[in-house]
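Source file: coords29.txt; contents: compact mmCIF, C-alpha atoms.
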```txt
# COMPACT_ATOMS: atom_id res chain seq x y z
CA MET R 1 -13.98 -18.61 19.58
CA ASP R 2 -12.61 -16.46 22.38
CA GLU R 3 -14.15 -13.11 23.30
CA LYS R 4 -11.90 -11.14 20.98
CA GLU R 5 -12.72 -13.40 18.02
CA ILE R 6 -16.44 -13.11 18.72
CA LYS R 7 -16.15 -9.31 18.75
CA ARG R 8 -14.21 -9.33 15.51
CA ALA R 9 -16.63 -11.71 13.83
CA ARG R 10 -19.55 -9.45 14.80
CA ILE R 11 -17.83 -6.38 13.29
CA ALA R 12 -16.81 -8.27 10.15
CA THR R 13 -20.26 -9.80 9.60
CA ARG R 14 -22.01 -6.44 9.90
CA ILE R 15 -19.59 -4.83 7.44
CA ALA R 16 -19.82 -7.74 4.99
CA ASN R 17 -23.60 -7.32 4.92
CA GLU R 18 -23.25 -3.65 4.01
CA PHE R 19 -21.92 -4.33 0.49
CA PRO R 20 -24.40 -4.54 -2.39
CA ASP R 21 -24.05 -7.12 -5.16
CA GLY R 22 -21.27 -6.13 -7.57
CA ALA R 23 -19.36 -3.92 -5.13
CA LEU R 24 -15.60 -3.40 -5.49
CA VAL R 25 -14.04 -3.36 -2.02
CA ASN R 26 -10.55 -2.79 -0.62
CA LEU R 27 -9.86 -4.33 2.79
CA GLY R 28 -7.03 -2.95 4.91
CA ILE R 29 -4.54 -5.06 6.81
CA GLY R 30 -5.50 -6.48 10.23
CA MET R 31 -9.09 -6.47 11.46
CA PRO R 32 -10.56 -5.39 8.07
CA THR R 33 -8.99 -8.42 6.35
CA ILE R 34 -11.30 -10.69 8.39
CA VAL R 35 -14.31 -9.21 6.53
CA ALA R 36 -13.33 -11.38 3.55
CA ASN R 37 -14.31 -14.49 5.56
CA PHE R 38 -17.86 -13.24 6.09
CA LEU R 39 -18.88 -12.04 2.61
CA PRO R 40 -22.42 -13.21 1.72
CA LYS R 41 -22.39 -16.16 -0.66
CA ASP R 42 -25.34 -14.87 -2.68
CA LYS R 43 -23.56 -11.71 -3.82
CA THR R 44 -20.61 -11.13 -6.13
CA ILE R 45 -18.17 -8.89 -4.30
CA LEU R 46 -14.76 -8.26 -5.80
CA LEU R 47 -11.82 -7.33 -3.62
CA GLN R 48 -9.13 -4.92 -4.78
CA SER R 49 -5.56 -5.42 -3.57
CA GLU R 50 -3.64 -2.15 -3.86
CA ASN R 51 -0.40 -3.87 -4.79
CA GLY R 52 -1.96 -4.55 -8.17
CA PHE R 53 -5.09 -6.57 -8.79
CA ILE R 54 -8.83 -6.98 -8.55
CA GLY R 55 -10.17 -10.38 -7.51
CA LEU R 56 -8.23 -11.04 -4.32
CA GLY R 57 -8.85 -14.67 -3.35
CA PRO R 58 -7.95 -16.86 -0.37
CA LYS R 59 -4.54 -18.21 0.54
CA PRO R 60 -3.78 -21.14 -1.78
CA GLU R 61 -2.53 -24.58 -0.77
CA GLU R 62 1.21 -24.50 -0.26
CA LYS R 63 1.92 -26.31 -3.53
CA ASN R 64 0.04 -23.60 -5.46
CA GLU R 65 1.77 -20.62 -3.82
CA ASP R 66 3.22 -18.24 -6.38
CA LYS R 67 5.96 -15.71 -5.62
CA ASP R 68 4.34 -13.30 -8.06
CA LEU R 69 0.89 -13.39 -6.46
CA VAL R 70 0.77 -11.85 -2.99
CA ASN R 71 -1.48 -9.49 -1.04
CA ALA R 72 -0.53 -6.02 0.19
CA GLY R 73 1.08 -7.65 3.24
CA GLY R 74 3.37 -9.73 1.01
CA LYS R 75 1.61 -13.04 1.79
CA PRO R 76 0.64 -15.59 -0.89
CA VAL R 77 -2.96 -15.36 -2.11
CA SER R 78 -4.99 -16.38 -5.16
CA ILE R 79 -6.94 -14.48 -7.80
CA ALA R 80 -10.66 -15.07 -8.29
CA PRO R 81 -12.28 -15.77 -11.68
CA GLY R 82 -12.87 -12.45 -13.44
CA GLY R 83 -9.92 -10.77 -11.73
CA CYS R 84 -7.23 -8.67 -13.41
CA PHE R 85 -3.70 -7.46 -12.72
CA PHE R 86 -2.24 -3.96 -13.10
CA ASP R 87 0.72 -1.86 -11.94
CA SER R 88 0.81 0.54 -8.95
CA SER R 89 0.00 3.66 -10.97
CA MET R 90 -3.14 2.01 -12.38
CA SER R 91 -4.01 0.58 -8.97
CA PHE R 92 -4.02 4.02 -7.40
CA SER R 93 -5.81 5.54 -10.38
CA ILE R 94 -8.56 3.04 -9.59
CA ILE R 95 -8.41 4.01 -5.92
CA ARG R 96 -8.01 7.78 -6.16
CA GLY R 97 -10.28 8.10 -9.17
CA ARG R 98 -13.33 6.97 -7.15
CA HIS R 99 -13.69 3.57 -8.80
CA VAL R 100 -13.50 1.61 -5.53
CA ASP R 101 -16.92 1.44 -3.86
CA TYR R 102 -15.83 0.71 -0.29
CA THR R 103 -12.62 0.77 1.67
CA VAL R 104 -12.50 -0.83 5.11
CA LEU R 105 -9.71 0.33 7.41
CA GLY R 106 -8.77 0.13 11.05
CA ALA R 107 -8.36 3.24 13.19
CA LEU R 108 -6.51 4.55 16.19
CA GLU R 109 -8.98 7.45 16.48
CA VAL R 110 -12.04 8.75 14.61
CA ASP R 111 -13.90 11.93 15.39
CA GLU R 112 -17.22 13.77 14.98
CA GLN R 113 -16.11 15.41 11.73
CA GLY R 114 -15.22 12.10 10.11
CA ASN R 115 -11.50 12.72 10.60
CA LEU R 116 -9.37 9.60 10.79
CA ALA R 117 -6.02 8.91 12.50
CA ASN R 118 -4.59 5.47 11.79
CA TYR R 119 -1.05 5.71 10.54
CA MET R 120 1.23 6.90 13.32
CA ILE R 121 1.75 7.59 17.00
CA PRO R 122 4.56 10.17 17.05
CA GLY R 123 7.68 8.86 18.75
CA LYS R 124 6.21 5.39 19.21
CA MET R 125 4.80 3.85 16.07
CA VAL R 126 5.64 5.32 12.69
CA PRO R 127 4.98 2.58 10.16
CA GLY R 128 3.93 4.98 7.39
CA MET R 129 0.64 5.46 5.64
CA GLY R 130 1.14 2.96 2.81
CA GLY R 131 -1.97 3.20 0.64
CA ALA R 132 -4.31 4.35 3.42
CA MET R 133 -4.33 8.08 2.63
CA ASP R 134 -5.20 7.46 -1.03
CA LEU R 135 -7.84 4.86 -0.14
CA VAL R 136 -9.60 7.11 2.33
CA VAL R 137 -9.64 10.07 -0.04
CA GLY R 138 -10.58 8.03 -3.10
CA ALA R 139 -13.05 5.32 -2.12
CA LYS R 140 -16.74 6.21 -2.49
CA THR R 141 -17.54 4.95 1.02
CA VAL R 142 -15.05 4.74 3.88
CA ILE R 143 -15.87 2.22 6.61
CA ILE R 144 -13.85 2.05 9.81
CA ALA R 145 -13.67 -1.37 11.43
CA MET R 146 -12.35 -1.35 14.98
CA GLU R 147 -12.96 -2.31 18.57
CA HIS R 148 -14.94 0.38 20.34
CA LEU R 149 -12.26 0.93 22.99
CA ASN R 150 -8.49 0.66 22.72
CA LYS R 151 -6.36 -1.87 24.62
CA LYS R 152 -6.25 0.47 27.63
CA GLY R 153 -10.06 0.72 27.65
CA GLN R 154 -10.02 4.29 26.34
CA CYS R 155 -12.47 5.81 23.82
CA LYS R 156 -11.41 5.82 20.18
CA ILE R 157 -14.42 7.75 18.89
CA LEU R 158 -13.56 11.27 19.97
CA LYS R 159 -14.82 14.83 19.70
CA LYS R 160 -11.55 15.65 17.97
CA CYS R 161 -8.66 13.40 16.91
CA THR R 162 -5.42 14.01 18.82
CA LEU R 163 -3.05 11.98 16.59
CA PRO R 164 -1.80 13.05 13.13
CA LEU R 165 -4.62 12.61 10.62
CA THR R 166 -4.71 10.13 7.78
CA ALA R 167 -7.44 12.18 6.15
CA LYS R 168 -9.83 14.97 7.00
CA GLY R 169 -13.59 14.47 6.91
CA GLU R 170 -13.57 11.31 4.79
CA VAL R 171 -15.04 8.66 7.13
CA ASP R 172 -18.64 7.61 6.35
CA ILE R 173 -19.36 4.66 8.65
CA ILE R 174 -17.84 3.35 11.89
CA VAL R 175 -18.53 -0.25 12.87
CA THR R 176 -17.36 -1.48 16.27
CA ASP R 177 -18.17 -4.44 18.49
CA MET R 178 -20.82 -2.19 20.11
CA ALA R 179 -22.22 0.08 17.45
CA PHE R 180 -22.89 1.00 13.83
CA ILE R 181 -22.40 4.76 13.55
CA ARG R 182 -22.90 6.94 10.48
CA VAL R 183 -20.94 10.18 10.03
CA THR R 184 -23.29 12.94 8.85
CA LYS R 185 -22.94 16.69 8.36
CA LYS R 186 -24.73 17.07 11.70
CA GLY R 187 -22.34 14.74 13.51
CA LEU R 188 -22.39 11.08 14.46
CA VAL R 189 -25.65 9.13 14.30
CA LEU R 190 -25.98 5.87 16.22
CA GLU R 191 -28.03 3.71 13.85
CA GLU R 192 -27.52 0.23 15.27
CA ILE R 193 -26.24 -1.36 18.45
CA ALA R 194 -24.83 -4.83 19.01
CA GLU R 195 -27.03 -7.60 20.43
CA ASN R 196 -25.26 -7.60 23.80
CA THR R 197 -25.24 -3.89 24.60
CA THR R 198 -27.50 -0.92 25.32
CA VAL R 199 -27.68 2.64 24.01
CA ASP R 200 -26.53 3.91 27.42
CA GLU R 201 -23.50 1.61 27.33
CA VAL R 202 -22.55 2.85 23.86
CA ILE R 203 -22.92 6.51 24.85
CA LYS R 204 -20.92 5.92 28.04
CA ASN R 205 -18.07 4.44 25.98
CA THR R 206 -18.03 7.16 23.34
CA GLU R 207 -16.42 10.56 23.91
CA ALA R 208 -17.99 12.06 20.79
CA ASN R 209 -21.58 13.25 20.82
CA LEU R 210 -23.98 10.67 19.41
CA THR R 211 -27.44 11.32 18.05
CA VAL R 212 -29.57 8.21 18.43
CA ALA R 213 -31.48 7.36 15.25
CA GLY R 214 -35.30 7.31 15.47
CA LYS R 215 -35.40 3.69 14.39
CA LEU R 216 -32.60 1.89 16.15
CA SER R 217 -31.85 -1.67 15.13
CA ARG R 218 -29.55 -4.39 16.43
CA PHE R 219 -26.80 -6.40 14.76
CA MET X 1 20.31 -4.92 -28.31
CA LYS X 2 20.91 -4.00 -24.69
CA PRO X 3 24.07 -5.13 -22.84
CA ILE X 4 23.69 -8.27 -20.73
CA LYS X 5 25.76 -8.15 -17.54
CA THR X 6 26.01 -10.27 -14.44
CA PRO X 7 24.31 -8.82 -11.34
CA GLN X 8 27.82 -7.97 -10.03
CA GLU X 9 28.78 -6.12 -13.23
CA ALA X 10 25.46 -4.28 -13.26
CA ALA X 11 25.82 -3.30 -9.60
CA ALA X 12 29.37 -2.04 -10.20
CA ASN X 13 27.87 1.04 -11.92
CA ILE X 14 26.45 2.16 -8.59
CA ARG X 15 28.61 4.47 -6.47
CA ASP X 16 28.38 5.85 -2.94
CA ASN X 17 25.64 8.50 -2.61
CA SER X 18 23.68 7.19 -5.60
CA SER X 19 19.90 7.43 -5.64
CA ILE X 20 18.23 4.16 -6.60
CA MET X 21 14.64 3.23 -7.33
CA ILE X 22 14.00 -0.41 -6.50
CA GLY X 23 10.90 -2.17 -7.81
CA GLY X 24 8.82 -4.56 -5.74
CA PHE X 25 6.14 -4.57 -3.09
CA MET X 26 6.87 -6.39 0.14
CA CYS X 27 9.58 -8.28 -1.80
CA CYS X 28 7.21 -9.41 -4.61
CA GLY X 29 8.69 -8.38 -7.97
CA HIS X 30 11.93 -7.52 -6.23
CA PRO X 31 15.39 -7.69 -7.87
CA PHE X 32 17.10 -9.83 -5.21
CA SER X 33 20.24 -10.73 -7.20
CA VAL X 34 21.24 -7.15 -8.03
CA ILE X 35 20.46 -6.02 -4.48
CA ASN X 36 22.73 -8.76 -3.10
CA ALA X 37 25.42 -7.64 -5.55
CA ILE X 38 25.05 -4.03 -4.33
CA ILE X 39 25.55 -5.24 -0.77
CA ASP X 40 28.64 -7.22 -1.80
CA SER X 41 30.04 -4.18 -3.64
CA GLY X 42 30.24 -2.24 -0.37
CA VAL X 43 28.62 1.01 -1.57
CA LYS X 44 27.02 3.21 1.05
CA ASN X 45 25.10 6.44 1.67
CA LEU X 46 22.44 5.37 -0.79
CA THR X 47 19.09 7.07 -1.22
CA LEU X 48 16.48 4.41 -1.92
CA ILE X 49 13.13 5.16 -3.50
CA THR X 50 10.91 2.15 -3.09
CA ASN X 51 7.47 1.14 -1.86
CA ASP X 52 8.52 -0.23 1.53
CA ALA X 53 11.50 -1.19 3.67
CA GLY X 54 10.75 -4.89 3.21
CA PHE X 55 11.67 -7.37 5.93
CA PRO X 56 14.97 -7.03 7.87
CA ASP X 57 16.80 -10.03 6.38
CA VAL X 58 15.55 -10.02 2.81
CA GLY X 59 16.22 -7.91 -0.26
CA ILE X 60 15.96 -4.19 0.29
CA GLY X 61 15.68 -4.67 4.06
CA LYS X 62 19.34 -5.72 4.04
CA LEU X 63 20.40 -2.43 2.45
CA VAL X 64 18.73 -0.67 5.35
CA CYS X 65 19.85 -2.98 8.14
CA GLN X 66 23.47 -3.19 6.94
CA ASN X 67 23.85 0.61 7.05
CA ARG X 68 24.14 1.23 3.31
CA THR X 69 21.26 3.65 3.21
CA LYS X 70 21.16 7.28 4.33
CA LYS X 71 17.68 8.08 3.10
CA LEU X 72 14.50 6.19 2.28
CA ILE X 73 11.64 7.60 0.24
CA VAL X 74 8.89 5.03 0.89
CA SER X 75 5.20 4.60 1.66
CA HIS X 76 5.75 2.41 4.71
CA ILE X 77 8.39 0.75 6.87
CA GLY X 78 6.03 -1.15 9.19
CA LEU X 79 7.39 -4.66 8.59
CA ASN X 80 11.02 -3.71 9.03
CA PRO X 81 11.41 -2.72 12.71
CA VAL X 82 15.11 -1.99 12.20
CA ALA X 83 14.19 0.81 9.78
CA GLY X 84 11.89 2.30 12.45
CA LYS X 85 14.66 2.16 15.07
CA LYS X 86 17.19 3.78 12.74
CA MET X 87 14.68 6.50 11.88
CA ASN X 88 14.02 7.25 15.55
CA SER X 89 17.76 7.40 16.31
CA LYS X 90 18.27 9.70 13.27
CA GLU X 91 20.68 7.25 11.65
CA LEU X 92 18.30 7.07 8.73
CA GLU X 93 16.28 9.80 7.08
CA VAL X 94 12.82 8.60 6.07
CA GLU X 95 10.44 10.52 3.82
CA LEU X 96 7.02 8.88 4.03
CA VAL X 97 4.93 9.36 0.89
CA PRO X 98 1.38 8.07 0.35
CA GLN X 99 1.64 5.03 -1.93
CA GLY X 100 -0.44 6.44 -4.78
CA THR X 101 1.43 9.73 -4.59
CA LEU X 102 4.76 7.88 -4.70
CA ALA X 103 3.71 6.06 -7.88
CA GLU X 104 2.51 9.27 -9.54
CA ARG X 105 5.57 11.34 -8.55
CA ILE X 106 7.78 8.70 -10.16
CA ARG X 107 5.52 8.40 -13.20
CA ALA X 108 5.48 12.22 -13.53
CA LYS X 109 9.25 12.25 -13.94
CA GLY X 110 9.14 9.45 -16.49
CA ALA X 111 6.30 11.08 -18.39
CA GLY X 112 7.92 14.51 -18.58
CA LEU X 113 5.39 16.20 -16.30
CA GLY X 114 6.15 19.02 -13.86
CA GLY X 115 4.27 17.28 -11.06
CA VAL X 116 0.83 16.01 -10.19
CA LEU X 117 -2.13 17.48 -8.33
CA THR X 118 -3.59 15.06 -5.81
CA PRO X 119 -6.25 15.37 -3.10
CA THR X 120 -4.37 12.76 -1.05
CA GLY X 121 -2.80 14.28 2.06
CA ILE X 122 -4.93 17.43 2.22
CA GLY X 123 -5.52 18.31 5.88
CA THR X 124 -2.68 16.06 7.06
CA GLU X 125 1.03 16.43 7.83
CA VAL X 126 1.74 15.40 4.23
CA GLU X 127 0.70 18.87 3.05
CA ASN X 128 3.42 20.62 5.10
CA GLY X 129 5.63 22.76 2.89
CA LYS X 130 3.70 21.96 -0.29
CA GLN X 131 1.86 24.26 -2.63
CA LYS X 132 -1.93 23.92 -2.51
CA ILE X 133 -3.76 24.53 -5.76
CA THR X 134 -7.53 24.88 -6.14
CA VAL X 135 -9.09 23.54 -9.33
CA THR X 136 -12.86 23.87 -9.80
CA GLU X 137 -13.35 24.54 -6.08
CA LYS X 138 -11.42 21.50 -4.92
CA ASP X 139 -8.03 21.63 -3.16
CA TYR X 140 -5.08 19.60 -4.38
CA LEU X 141 -1.45 19.27 -3.34
CA LEU X 142 1.23 19.87 -5.93
CA GLU X 143 3.48 16.82 -5.69
CA THR X 144 6.77 17.13 -7.53
CA PRO X 145 8.45 14.49 -9.74
CA ILE X 146 10.98 12.05 -8.29
CA GLU X 147 13.98 10.96 -10.34
CA ALA X 148 16.91 8.70 -9.56
CA ASP X 149 20.37 7.83 -10.82
CA PHE X 150 19.35 4.18 -11.14
CA ALA X 151 16.23 2.06 -11.28
CA ILE X 152 16.51 -1.66 -10.64
CA ILE X 153 13.46 -3.54 -11.73
CA LYS X 154 12.52 -7.20 -11.89
CA ALA X 155 11.08 -9.03 -14.90
CA ASN X 156 10.01 -12.63 -15.42
CA ILE X 157 11.05 -12.47 -19.06
CA CYS X 158 13.13 -9.83 -20.82
CA ASP X 159 14.05 -9.85 -24.51
CA LYS X 160 17.39 -8.51 -25.70
CA TYR X 161 15.80 -5.18 -26.67
CA GLY X 162 14.82 -4.79 -23.02
CA ASN X 163 11.10 -5.46 -23.42
CA CYS X 164 9.87 -6.96 -20.17
CA PHE X 165 7.05 -9.24 -19.18
CA ILE X 166 6.26 -8.97 -15.48
CA ALA X 167 3.74 -11.45 -14.10
CA LYS X 168 0.72 -10.91 -11.89
CA SER X 169 1.11 -8.71 -8.83
CA ALA X 170 4.88 -8.43 -9.38
CA LYS X 171 4.27 -5.49 -11.74
CA ASN X 172 3.69 -3.00 -8.91
CA PHE X 173 6.28 -0.17 -9.04
CA ASN X 174 8.48 -1.79 -11.69
CA LEU X 175 6.82 -0.07 -14.64
CA VAL X 176 6.87 3.53 -13.37
CA MET X 177 10.39 3.19 -11.99
CA ALA X 178 11.71 2.01 -15.35
CA MET X 179 10.52 5.35 -16.75
CA ALA X 180 12.14 7.65 -14.21
CA ALA X 181 15.84 6.87 -13.77
CA LYS X 182 18.98 7.79 -15.71
CA THR X 183 20.17 4.18 -15.84
CA VAL X 184 17.68 1.31 -15.73
CA ILE X 185 18.83 -2.20 -14.83
CA VAL X 186 16.42 -5.07 -15.42
CA GLU X 187 16.98 -8.24 -13.43
CA ALA X 188 15.33 -11.00 -15.47
CA ASP X 189 14.53 -14.63 -14.63
CA LYS X 190 14.67 -15.48 -18.34
CA ILE X 191 16.32 -13.64 -21.25
CA VAL X 192 15.02 -14.33 -24.76
CA GLU X 193 15.75 -13.26 -28.35
CA PRO X 194 13.78 -10.36 -29.86
CA GLY X 195 10.57 -11.81 -31.27
CA GLU X 196 10.24 -14.54 -28.67
CA LEU X 197 8.30 -12.30 -26.29
CA ASP X 198 4.81 -11.64 -27.66
CA PRO X 199 4.50 -7.84 -28.15
CA GLU X 200 1.01 -8.16 -26.62
CA ASN X 201 2.61 -9.27 -23.36
CA VAL X 202 5.11 -6.45 -22.87
CA THR X 203 4.66 -4.85 -19.43
CA VAL X 204 7.66 -2.48 -19.71
CA PRO X 205 8.69 -1.23 -23.18
CA GLY X 206 12.38 -1.88 -23.82
CA VAL X 207 12.97 1.79 -24.65
CA PHE X 208 13.44 2.52 -20.95
CA VAL X 209 15.99 -0.21 -20.30
CA ASN X 210 19.81 0.17 -20.31
CA ILE X 211 21.25 -3.01 -18.79
CA ILE X 212 19.89 -6.55 -18.52
CA ALA X 213 21.12 -8.82 -15.71
CA PRO X 214 20.05 -12.45 -15.39
CA SER X 215 18.77 -13.29 -11.91
CA LYS X 216 20.50 -16.04 -9.93
CA LYS X 217 18.65 -19.35 -9.62
CA GLU X 218 18.58 -19.17 -5.84
CA ASP X 219 16.81 -15.80 -6.02
CA GLN X 220 13.94 -17.21 -8.10
CA ALA X 221 12.65 -19.34 -5.21
CA ASN X 222 9.04 -19.23 -4.24
CA ASN X 223 9.48 -18.48 -0.55
CA PHE X 224 10.47 -14.92 0.34
CA TRP X 225 7.49 -14.73 2.71
CA ASN X 226 8.86 -17.49 4.98
```

Just give me the structure of the file as structure tokens.
Amino acid sequence: MDEKEIKRARIATRIANEFPDGALVNLGIGMPTIVANFLPKDKTILLQSENGFIGLGPKPEEKNEDKDLVNAGGKPVSIAPGGCFFDSSMSFSIIRGRHVDYTVLGALEVDEQGNLANYMIPGKMVPGMGGAMDLVVGAKTVIIAMEHLNKKGQCKILKKCTLPLTAKGEVDIIVTDMAFIRVTKKGLVLEEIAENTTVDEVIKNTEANLTVAGKLSRF
Amino acid sequence: MKPIKTPQEAAANIRDNSSIMIGGFMCCGHPFSVINAIIDSGVKNLTLITNDAGFPDVGIGKLVCQNRTKKLIVSHIGLNPVAGKKMNSKELEVELVPQGTLAERIRAKGAGLGGVLTPTGIGTEVENGKQKITVTEKDYLLETPIEADFAIIKANICDKYGNCFIAKSAKNFNLVMAMAAKTVIVEADKIVEPGELDPENVTVPGVFVNIIAPSKKEDQANNFWN
């Protein structure tokens, strides 16, 4: 694995270990999708795919690919035992109605108030929000999975988001290659740091104010 | 019994400036044959209401890339870079709607509702210009119904009364769209006699359907993601 893959595996493993047995989870496109590869074998965790089913399974062998069974990115997947299909209205009733336990999404920016910006950079990248706005508002717990710094080495965890928001005050947990941070009413609490870093390093690379938890652990 | 037409005959109902809902999600559950017939018919200035702008060379993406579309009402256009370019150069108007809100606005029209109240979009640019309504101390946006002149949906099996079976994750927007348009065209891989489709397996009740068009063999292939 190269450095980037190691970082991503660390983030994905930590998030995968956050889910209790029986959790229903929606994984966003990109980095969050990798979490599926690290789910603990001793727990039953069902994945929701917002295009219309519960029980998202791995990519099948080519001979078993089915044009009617794809993920939210339009790629062929499989359905796990115990899964079920539904239409978009039902899918988003499940999402918006607080029946999804966790949603894991990437971010361009997150801030001290739990605000999230991840769907557009005005004038540059306007892909649209897809299901993200509904997922962030509806899921019981919102986890952000991202690298701590952007490609230019700039902070992504800010005092205040500068980009258009995906949702206001909905983020619960931020997991990066450096830190596990919980969003509380009193601001951001640094609860865990990665094996290869220090509290000072994390604080130096975070624009937002961080309160360091009394009992700090490593992941 | 509903009329059975070729994709070309079905598409001939569509005129310049029509609004069209098109079922499918990243080309899964997508009526490729009727879309190709619309392209061949030469109509333009269409308003498309659909989940996404697809990929540039396939299905709905072609209606965007070949300049047949003046407006898109969609939840995302991320995998069709041509749509993004046309939006930035103002050749194409794009209204971005959160996916769940898009489904409910369409369903609201089909269900005879005056709109829906959703918490999605509160505190974001999506709330601009919309009425905010507080119910039991929580804020919601009033999202209005969306209707269209046509809906084109895709079924695996359709009986001659228009009852549709749609498999697996191909259901997506096909059900709500069938409820919300003046004229509903079903593109079906297989057309059967009434009674041959188990009533337990009906995804879309035939009551919504106006025209049935058999899909072309080449559009039933298992490879739109390649």

| said: Using all atoms listed in the file and a distance of at most 7 Å, pull out the residues of chain R that contact chain X, as a PyMOL selection string. | reply: chain R and resi 51-53+66-70+73-75+85-89+92+126-131+133-134+137+164-168

| request: Find, counting all atoms listed in the file, the residue in R:Val183, R:Leu149, R:Ala72, R:Met178 that gets nearest to Thr197 in chain R. | output: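 Looking at the shortest contact to Thr197 in chain R, the residue is R:Met178.
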
| Near-Gly106 in chain R list (10 Å; all atoms listed in the file; drop same-chain fewer than 4 positions) as a PyMOL selection string | chain R and resi 27-33+110+116-119+132+143-147+174-175

| request: Can you work out the spacing between CA of Ser93 in chain R and CA of Leu135 in chain R in Å, to one decimal? | output: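 Taking CA of Ser93 in chain R and CA of Leu135 in chain R, their separation equals 10.5 Å.
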
| query | Quick one, how far is CA of Ile95 in chain R from CA of Asn26 in chain R? | reply |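 Between these atoms lies a distance of 8.9 Å.
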
| request: Place a sphere of radius 10 Å on (-21.1, -10.1, 16.5) in the file coordinates and name every protein, DNA or RNA residue with an atom inside or on its surface, counting only C-alpha atoms; give the answer as a ChimeraX atom specification. | output: /R:5-14,176-178,194-196,219

When you look at Asn17 in chain R with a cut-off of 10 Å (counting all atoms listed in the file), what residues show up, excluding the ones that are within fewer than 2 positions of it in the same chain? I need them as a PDB file with C-alpha atoms, in the coordinates of the input.
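For reference, part.pdb as written:
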```pdb
ATOM      1  CA  ALA R  12     -16.810  -8.270  10.150  1.00  0.00           C
ATOM      2  CA  THR R  13     -20.260  -9.800   9.600  1.00  0.00           C
ATOM      3  CA  ARG R  14     -22.010  -6.440   9.900  1.00  0.00           C
ATOM      4  CA  ILE R  15     -19.590  -4.830   7.440  1.00  0.00           C
ATOM      5  CA  PHE R  19     -21.920  -4.330   0.490  1.00  0.00           C
ATOM      6  CA  PRO R  20     -24.400  -4.540  -2.390  1.00  0.00           C
ATOM      7  CA  VAL R  35     -14.310  -9.210   6.530  1.00  0.00           C
ATOM      8  CA  PHE R  38     -17.860 -13.240   6.090  1.00  0.00           C
ATOM      9  CA  LEU R  39     -18.880 -12.040   2.610  1.00  0.00           C
ATOM     10  CA  PRO R  40     -22.420 -13.210   1.720  1.00  0.00           C
ATOM     11  CA  LYS R  43     -23.560 -11.710  -3.820  1.00  0.00           C
TER      12      LYS R  43
END
```
